[in-house]
Amino acid sequence: MHGYYHRNVLLLLILACTTQRALSFVLSATSRARCTEPLFSTTTPRADTAPPSTSSTGPSDSYDVIVVGSGIGGLSCAAMLSYYGYSVAVLESHYAAGGAAHGFTVRKKDVGDFIFDTGPSFFSGLNPNLPAKDSNPLRTILDVIQEPVDCIPYTTFGLKFPEGDFLHTPSFGRKGGIIDQVDGGNGVKIWSQLMKNMEPLAAAVEALPTAALRGDIGTAATAAPYLSKFATLNPLENLKLTKPFQAILNNSGIRKSSFTQNWLDLLCFCLSGLKADGTITAEMAMMMGEFYDEQAVMDCPVGGAKSIVDALVRGVEKHGGSIFLNSRVEEIVIENGQATG
C-alpha cells in the first residue's frame, strides 16, 4: 500500500467514528515510530490496570500500517485494516486502550459496582438486536468484524441543571419540552430552526455513508449504490459536514451563553469528548435526527464505553493486528513528504 492510500483510509474512518479526540496517524511500512519508552514495556502495571500491551510478543521490525493512538477512531482504523489483511500495530501511550472512552468504577457495599463513563457516553444504533443503518459507521465496523456490543435500550433520562431537574425525552425542543420550560417560545423557535438546518446535512450522511468510501479504485463498487441519491443533494450543504458544529449553531441564531448552547456543548462532549466548536458537523448530523425522533431509542452499552473499546480491540487482534500500550510516540519522521518512522 502507498502512503496516500493509508492516509485516506485513516481519514475516512476517523470521520466515521464517534470521537473526535481519537486522532491517529498512519506511518509507512518498513519503519518504526520513535518512542520515549520501549514499545513493549517491562514495567509491572498496577493491580487495577490493564497489562502494558495486549500483545503477548514484542513488536515486529515493520508493519504495513502503524496507528498512533488507540481511541475509538484509531481502533476502528486498525480493526478494518487488519480485517482486510494488512499488518497493523497500534501504539498507545496510556496503560489502557480507549482514548477518551474511559471510565471508573465505584463499589458500594452490599450493592455492587457502578461504572461511570468519563468520555463519550451517548450511543445510538449499536444494539445488535435492532436493524443497522448505513449512516452509523461504528455499527458498520462492529458488524464487519463480527464483534457485537450488548446494549440496554432506553428512551428517557434525568437531567440535573442549575435551571432545575428535568426528564429528557424526544420532545426536548418542542412545545412543553425542556427548551420551552427554560427559554420559552423563542427558544423553541430557535431550536426548530436548528433542526431545519440539520435536515439536509442528515440527508447527506444518509445518502453516502462514510464506510462506503475508499481511497482506491474499489470506491467504484462500494460507493456506486449511493451516488445517484447523493448527486441530488446540494453540494454547498455537503461541504458543511466537515466544519465545526458550532458554525451550524451560529447560523441558527443560538446565543453563546444560552441554555441551548450549553446543552449542545454538553451533548457534543458526551459524544466526542469535545464541545461544539471541536466536534465536526457530520457527527452531529448523524445523531440529531435519531436522538430527537419521536420514536428515538438510545443504547447503553453493557459495561459502559469500555465494552466498545474491548470489542474493537478483539477485532484488531483476531485478524492479526497488535496493540502496544505504554508506548508513547515522541516524533513522526517525515521524509520527502512521507511518514517514514
# chains A, B, ... in the order shown; residues from 1 in each chain; ligands from 1
>>> residues_around(residues="segment 286-290 of chain A", least_positions_apart="3", cutoff="7 Å", atoms="only C-alpha atoms", output="list of chain:residue names")
A:Ser135, A:Ala202, A:Val205, A:Ala282, A:Glu283, A:Asp293, A:Ala296
>>> residues_around(residues="Ser93 of chain A", least_positions_apart="4", cutoff="9 Å", atoms="only C-alpha atoms", output="PyMOL selection string")
chain A and resi 37+68-70+97+324-329
>>> select_by_dssp(residues="segment 113-185 of chain A", states="alpha helix (DSSP H)", output="number ranges by chain")
A: 137-144, 178-185
>>> write_last_selection(atoms="N, CA and C atoms", output="short mmCIF file (atom, residue, chain, number, x, y, z; two decimals), in the first residue's frame")
data_model
loop_
_atom_site.label_atom_id
_atom_site.label_comp_id
_atom_site.auth_asym_id
_atom_site.auth_seq_id
_atom_site.Cartn_x
_atom_site.Cartn_y
_atom_site.Cartn_z
N PRO A 137 -21.59 4.45 11.01
CA PRO A 137 -20.37 3.74 10.62
C PRO A 137 -19.77 2.89 11.73
N LEU A 138 -19.92 3.31 13.00
CA LEU A 138 -19.36 2.48 14.07
C LEU A 138 -20.07 1.13 14.12
N ARG A 139 -21.39 1.14 13.98
CA ARG A 139 -22.14 -0.12 13.92
C ARG A 139 -21.70 -0.93 12.70
N THR A 140 -21.46 -0.26 11.58
CA THR A 140 -21.00 -0.96 10.38
C THR A 140 -19.69 -1.69 10.64
N ILE A 141 -18.75 -1.00 11.32
CA ILE A 141 -17.45 -1.61 11.61
C ILE A 141 -17.61 -2.80 12.55
N LEU A 142 -18.41 -2.64 13.60
CA LEU A 142 -18.63 -3.73 14.55
C LEU A 142 -19.26 -4.94 13.86
N ASP A 143 -20.16 -4.67 12.92
CA ASP A 143 -20.79 -5.78 12.18
C ASP A 143 -19.78 -6.47 11.27
N VAL A 144 -18.92 -5.70 10.60
CA VAL A 144 -17.93 -6.27 9.69
C VAL A 144 -16.96 -7.17 10.44
N ILE A 178 -38.24 20.68 27.45
CA ILE A 178 -37.31 21.37 28.35
C ILE A 178 -36.95 22.75 27.82
N ILE A 179 -36.70 22.88 26.51
CA ILE A 179 -36.36 24.19 25.94
C ILE A 179 -37.49 25.18 26.22
N ASP A 180 -38.72 24.74 26.04
CA ASP A 180 -39.88 25.60 26.29
C ASP A 180 -39.95 26.01 27.76
N GLN A 181 -39.66 25.07 28.65
CA GLN A 181 -39.71 25.36 30.09
C GLN A 181 -38.65 26.36 30.51
N VAL A 182 -37.48 26.32 29.86
CA VAL A 182 -36.37 27.19 30.27
C VAL A 182 -36.35 28.50 29.48
N ASP A 183 -36.44 28.41 28.16
CA ASP A 183 -36.27 29.60 27.30
C ASP A 183 -37.57 30.09 26.67
N GLY A 184 -38.65 29.38 26.87
CA GLY A 184 -39.93 29.82 26.34
C GLY A 184 -40.08 29.63 24.85
N GLY A 185 -41.07 30.30 24.28
CA GLY A 185 -41.40 30.12 22.87
C GLY A 185 -40.28 30.51 21.93
#
>>> residues_around(residues="Ile145 of chain A", least_positions_apart="2", cutoff="10 Å", atoms="only C-alpha atoms", output="NGL selection string")
:A and (76 or 79-80 or 82-83 or 140-143 or 147-148 or 311-312 or 314-316 or 318-319)
>>> write_last_selection(atoms="N, CA, C and O atoms", output="mmCIF file, in the first residue's frame")
data_model
loop_
_atom_site.group_PDB
_atom_site.id
_atom_site.type_symbol
_atom_site.label_atom_id
_atom_site.label_comp_id
_atom_site.auth_asym_id
_atom_site.auth_seq_id
_atom_site.Cartn_x
_atom_site.Cartn_y
_atom_site.Cartn_z
ATOM 1 N N SER A 76 -10.808 1.720 15.287
ATOM 2 C CA SER A 76 -11.658 1.411 14.133
ATOM 3 C C SER A 76 -10.813 1.282 12.870
ATOM 4 O O SER A 76 -11.008 0.368 12.065
ATOM 5 N N ALA A 79 -8.846 -1.972 13.166
ATOM 6 C CA ALA A 79 -9.698 -3.147 13.025
ATOM 7 C C ALA A 79 -10.034 -3.417 11.563
ATOM 8 O O ALA A 79 -9.983 -4.563 11.094
ATOM 9 N N MET A 80 -10.371 -2.346 10.814
ATOM 10 C CA MET A 80 -10.726 -2.535 9.412
ATOM 11 C C MET A 80 -9.506 -2.904 8.565
ATOM 12 O O MET A 80 -9.587 -3.765 7.679
ATOM 13 N N SER A 82 -6.811 -4.441 9.605
ATOM 14 C CA SER A 82 -6.476 -5.826 9.950
ATOM 15 C C SER A 82 -7.428 -6.793 9.262
ATOM 16 O O SER A 82 -7.018 -7.846 8.751
ATOM 17 N N TYR A 83 -8.699 -6.428 9.250
ATOM 18 C CA TYR A 83 -9.709 -7.279 8.617
ATOM 19 C C TYR A 83 -9.385 -7.505 7.146
ATOM 20 O O TYR A 83 -9.587 -8.603 6.612
ATOM 21 N N THR A 140 -21.459 -0.264 11.581
ATOM 22 C CA THR A 140 -21.000 -0.961 10.380
ATOM 23 C C THR A 140 -19.689 -1.687 10.643
ATOM 24 O O THR A 140 -19.514 -2.846 10.268
ATOM 25 N N ILE A 141 -18.751 -1.003 11.316
ATOM 26 C CA ILE A 141 -17.454 -1.610 11.607
ATOM 27 C C ILE A 141 -17.607 -2.799 12.550
ATOM 28 O O ILE A 141 -17.023 -3.866 12.330
ATOM 29 N N LEU A 142 -18.413 -2.636 13.598
ATOM 30 C CA LEU A 142 -18.630 -3.735 14.548
ATOM 31 C C LEU A 142 -19.262 -4.937 13.859
ATOM 32 O O LEU A 142 -18.925 -6.086 14.170
ATOM 33 N N ASP A 143 -20.163 -4.673 12.917
ATOM 34 C CA ASP A 143 -20.787 -5.780 12.178
ATOM 35 C C ASP A 143 -19.777 -6.474 11.270
ATOM 36 O O ASP A 143 -19.762 -7.708 11.162
ATOM 37 N N GLU A 147 -18.141 -8.277 15.963
ATOM 38 C CA GLU A 147 -17.955 -8.057 17.398
ATOM 39 C C GLU A 147 -19.123 -7.208 17.925
ATOM 40 O O GLU A 147 -18.997 -6.018 18.175
ATOM 41 N N PRO A 148 -20.298 -7.819 18.089
ATOM 42 C CA PRO A 148 -21.450 -7.054 18.579
ATOM 43 C C PRO A 148 -21.251 -6.591 20.020
ATOM 44 O O PRO A 148 -20.546 -7.224 20.800
ATOM 45 N N ALA A 311 -14.459 -4.486 22.232
ATOM 46 C CA ALA A 311 -14.887 -5.144 21.001
ATOM 47 C C ALA A 311 -13.950 -4.796 19.846
ATOM 48 O O ALA A 311 -13.580 -5.675 19.047
ATOM 49 N N LEU A 312 -13.544 -3.537 19.756
ATOM 50 C CA LEU A 312 -12.631 -3.131 18.688
ATOM 51 C C LEU A 312 -11.248 -3.744 18.876
ATOM 52 O O LEU A 312 -10.601 -4.148 17.904
ATOM 53 N N ARG A 314 -10.623 -6.630 20.261
ATOM 54 C CA ARG A 314 -10.746 -8.024 19.814
ATOM 55 C C ARG A 314 -10.733 -8.094 18.294
ATOM 56 O O ARG A 314 -10.132 -9.004 17.710
ATOM 57 N N GLY A 315 -11.393 -7.123 17.646
ATOM 58 C CA GLY A 315 -11.425 -7.112 16.193
ATOM 59 C C GLY A 315 -10.059 -6.911 15.580
ATOM 60 O O GLY A 315 -9.728 -7.499 14.546
ATOM 61 N N VAL A 316 -9.233 -6.068 16.209
ATOM 62 C CA VAL A 316 -7.866 -5.846 15.726
ATOM 63 C C VAL A 316 -7.052 -7.116 15.870
ATOM 64 O O VAL A 316 -6.392 -7.586 14.932
ATOM 65 N N LYS A 318 -7.846 -10.367 16.528
ATOM 66 C CA LYS A 318 -8.212 -11.655 15.938
ATOM 67 C C LYS A 318 -7.896 -11.730 14.447
ATOM 68 O O LYS A 318 -7.885 -12.818 13.871
ATOM 69 N N HIS A 319 -7.621 -10.565 13.844
ATOM 70 C CA HIS A 319 -7.213 -10.549 12.439
ATOM 71 C C HIS A 319 -5.723 -10.265 12.286
ATOM 72 O O HIS A 319 -5.265 -9.882 11.204
#
>>> select_by_dssp(residues="segment 106-329 of chain A", states="strand (DSSP E or B)", output="PyMOL selection string")
chain A and resi 106-108+112-117+123+151-154+157-161+164-168+244+280+298-301+322-324+329
>>> residues_around(residues="Leu241 of chain A", least_positions_apart="6", cutoff="7 Å", atoms="only C-alpha atoms", output="NGL selection string")
:A and (201 or 280-282)
>>> atom_distance(atom1="atom CA of Gln246 of chain A", atom2="atom CA of Lys160 of chain A")
23.9 Å
>>> residues_around(residues="Phe123 of chain A", least_positions_apart="4", cutoff="10 Å", atoms="only C-alpha atoms", output="PDB file with N, CA and C atoms, in the first residue's frame")
ATOM      1  N   THR A  18     -17.057   7.776  16.505  1.00  0.00           N
ATOM      2  CA  THR A  18     -17.839   8.587  17.409  1.00  0.00           C
ATOM      3  C   THR A  18     -17.025   9.454  18.318  1.00  0.00           C
ATOM      4  N   ASN A 127     -27.183  -1.333  19.104  1.00  0.00           N
ATOM      5  CA  ASN A 127     -27.845  -2.540  19.614  1.00  0.00           C
ATOM      6  C   ASN A 127     -27.928  -3.614  18.534  1.00  0.00           C
ATOM      7  N   CYS A 151     -26.301  -4.077  24.382  1.00  0.00           N
ATOM      8  CA  CYS A 151     -26.781  -2.766  24.812  1.00  0.00           C
ATOM      9  C   CYS A 151     -28.128  -2.879  25.523  1.00  0.00           C
ATOM     10  N   PRO A 153     -31.517  -0.740  25.868  1.00  0.00           N
ATOM     11  CA  PRO A 153     -32.191   0.414  25.264  1.00  0.00           C
ATOM     12  C   PRO A 153     -32.891   1.281  26.316  1.00  0.00           C
ATOM     13  N   CYS A 270     -20.425  14.603  25.372  1.00  0.00           N
ATOM     14  CA  CYS A 270     -20.795  13.220  25.661  1.00  0.00           C
ATOM     15  C   CYS A 270     -20.582  12.312  24.455  1.00  0.00           C
ATOM     16  N   LEU A 271     -20.656  12.890  23.267  1.00  0.00           N
ATOM     17  CA  LEU A 271     -20.479  12.100  22.046  1.00  0.00           C
ATOM     18  C   LEU A 271     -19.024  12.030  21.608  1.00  0.00           C
ATOM     19  N   MET A 287     -26.553  11.952  14.320  1.00  0.00           N
ATOM     20  CA  MET A 287     -27.302  11.554  15.502  1.00  0.00           C
ATOM     21  C   MET A 287     -28.467  12.473  15.874  1.00  0.00           C
ATOM     22  N   PHE A 291     -31.731  11.125  17.623  1.00  0.00           N
ATOM     23  CA  PHE A 291     -31.834  11.453  19.037  1.00  0.00           C
ATOM     24  C   PHE A 291     -33.154  12.130  19.358  1.00  0.00           C
ATOM     25  N   VAL A 297     -34.625   5.856  20.339  1.00  0.00           N
ATOM     26  CA  VAL A 297     -34.165   4.893  21.342  1.00  0.00           C
ATOM     27  C   VAL A 297     -32.652   5.029  21.447  1.00  0.00           C
ATOM     28  N   MET A 298     -32.150   5.201  22.648  1.00  0.00           N
ATOM     29  CA  MET A 298     -30.713   5.286  22.883  1.00  0.00           C
ATOM     30  C   MET A 298     -30.193   3.941  23.376  1.00  0.00           C
ATOM     31  N   ASP A 299     -28.876   3.747  23.249  1.00  0.00           N
ATOM     32  CA  ASP A 299     -28.250   2.485  23.655  1.00  0.00           C
ATOM     33  C   ASP A 299     -27.267   2.733  24.792  1.00  0.00           C
ATOM     34  N   CYS A 300     -27.391   1.944  25.849  1.00  0.00           N
ATOM     35  CA  CYS A 300     -26.407   1.954  26.925  1.00  0.00           C
ATOM     36  C   CYS A 300     -25.589   0.671  26.807  1.00  0.00           C
ATOM     37  N   PRO A 301     -24.340   0.750  26.328  1.00  0.00           N
ATOM     38  CA  PRO A 301     -23.525  -0.460  26.215  1.00  0.00           C
ATOM     39  C   PRO A 301     -23.332  -1.108  27.589  1.00  0.00           C
ATOM     40  N   ALA A 305     -18.690   2.504  27.897  1.00  0.00           N
ATOM     41  CA  ALA A 305     -17.968   2.697  26.642  1.00  0.00           C
ATOM     42  C   ALA A 305     -16.803   1.722  26.505  1.00  0.00           C
TER      43      ALA A 305
END
>>> residues_around(residues="Phe104 of chain A", least_positions_apart="3", cutoff="12 Å", atoms="only C-alpha atoms", output="VMD selection string")
chain A and resid 48 to 49 101 107 113 to 119 303 to 306
>>> write_last_selection(atoms="N, CA and C atoms", output="CSV table (one decimal), in the first residue's frame")
chain,number,residue,atom,x,y,z
A,48,ASP,N,-4.9,-2.6,39.4
A,48,ASP,CA,-6.2,-2.2,38.8
A,48,ASP,C,-6.1,-1.7,37.4
A,49,THR,N,-5.0,-2.0,36.7
A,49,THR,CA,-4.8,-1.5,35.4
A,49,THR,C,-4.6,-2.7,34.4
A,101,ALA,N,-12.5,7.3,25.7
A,101,ALA,CA,-13.5,6.4,26.1
A,101,ALA,C,-13.1,5.6,27.3
A,107,ARG,N,-17.5,1.0,43.9
A,107,ARG,CA,-18.1,-0.2,44.6
A,107,ARG,C,-18.8,0.2,45.8
A,113,ASP,N,-21.0,-3.0,41.9
A,113,ASP,CA,-20.2,-2.0,41.2
A,113,ASP,C,-21.0,-1.1,40.4
A,114,PHE,N,-20.7,0.2,40.4
A,114,PHE,CA,-21.3,1.2,39.5
A,114,PHE,C,-20.2,1.7,38.5
A,115,ILE,N,-20.4,1.6,37.2
A,115,ILE,CA,-19.5,2.0,36.2
A,115,ILE,C,-19.9,3.4,35.7
A,116,PHE,N,-19.0,4.3,35.7
A,116,PHE,CA,-19.2,5.7,35.2
A,116,PHE,C,-18.3,6.0,34.0
A,117,ASP,N,-18.9,6.4,32.9
A,117,ASP,CA,-18.1,6.8,31.8
A,117,ASP,C,-17.6,8.3,32.0
A,118,THR,N,-16.3,8.6,31.6
A,118,THR,CA,-15.8,9.9,31.7
A,118,THR,C,-15.7,10.6,30.4
A,119,GLY,N,-15.9,9.9,29.3
A,119,GLY,CA,-15.8,10.4,28.0
A,119,GLY,C,-17.1,10.2,27.2
A,303,GLY,N,-21.6,-2.5,30.4
A,303,GLY,CA,-20.2,-2.3,30.8
A,303,GLY,C,-19.6,-0.9,30.4
A,304,GLY,N,-20.5,0.0,29.9
A,304,GLY,CA,-20.0,1.3,29.5
A,304,GLY,C,-19.3,1.3,28.2
A,305,ALA,N,-18.7,2.5,27.9
A,305,ALA,CA,-18.0,2.7,26.6
A,305,ALA,C,-16.8,1.7,26.5
A,306,LYS,N,-16.3,1.2,27.6
A,306,LYS,CA,-15.2,0.3,27.6
A,306,LYS,C,-15.6,-1.0,26.8
>>> atom_distance(atom1="atom CA of Val149 of chain A", atom2="atom CA of Asp134 of chain A")
17.2 Å
>>> residues_around(residues="Leu274 of chain A", least_positions_apart="3", cutoff="10 Å", atoms="only C-alpha atoms", output="list in words")
Thr19, Gln20, Arg21, Ala100, Gly119, Pro120, Asp265, Leu266, Leu267, Cys268, Phe269, Cys270, Leu271, Asp277, Gly278, Thr279 and Ile280 of chain A
>>> atom_distance(atom1="atom CA of Asp165 of chain A", atom2="atom CA of Asn250 of chain A")
27.0 Å
>>> closest_residue(among="A:Tyr86, A:Ala285, A:Phe245, A:Gly73", to="Ala203 of chain A", atoms="only C-alpha atoms")
A:Ala285
>>> closest_residue(among="A:Val111, A:Val90, A:Met195, A:Ala221", to="Ile72 of chain A", atoms="only C-alpha atoms")
A:Val90
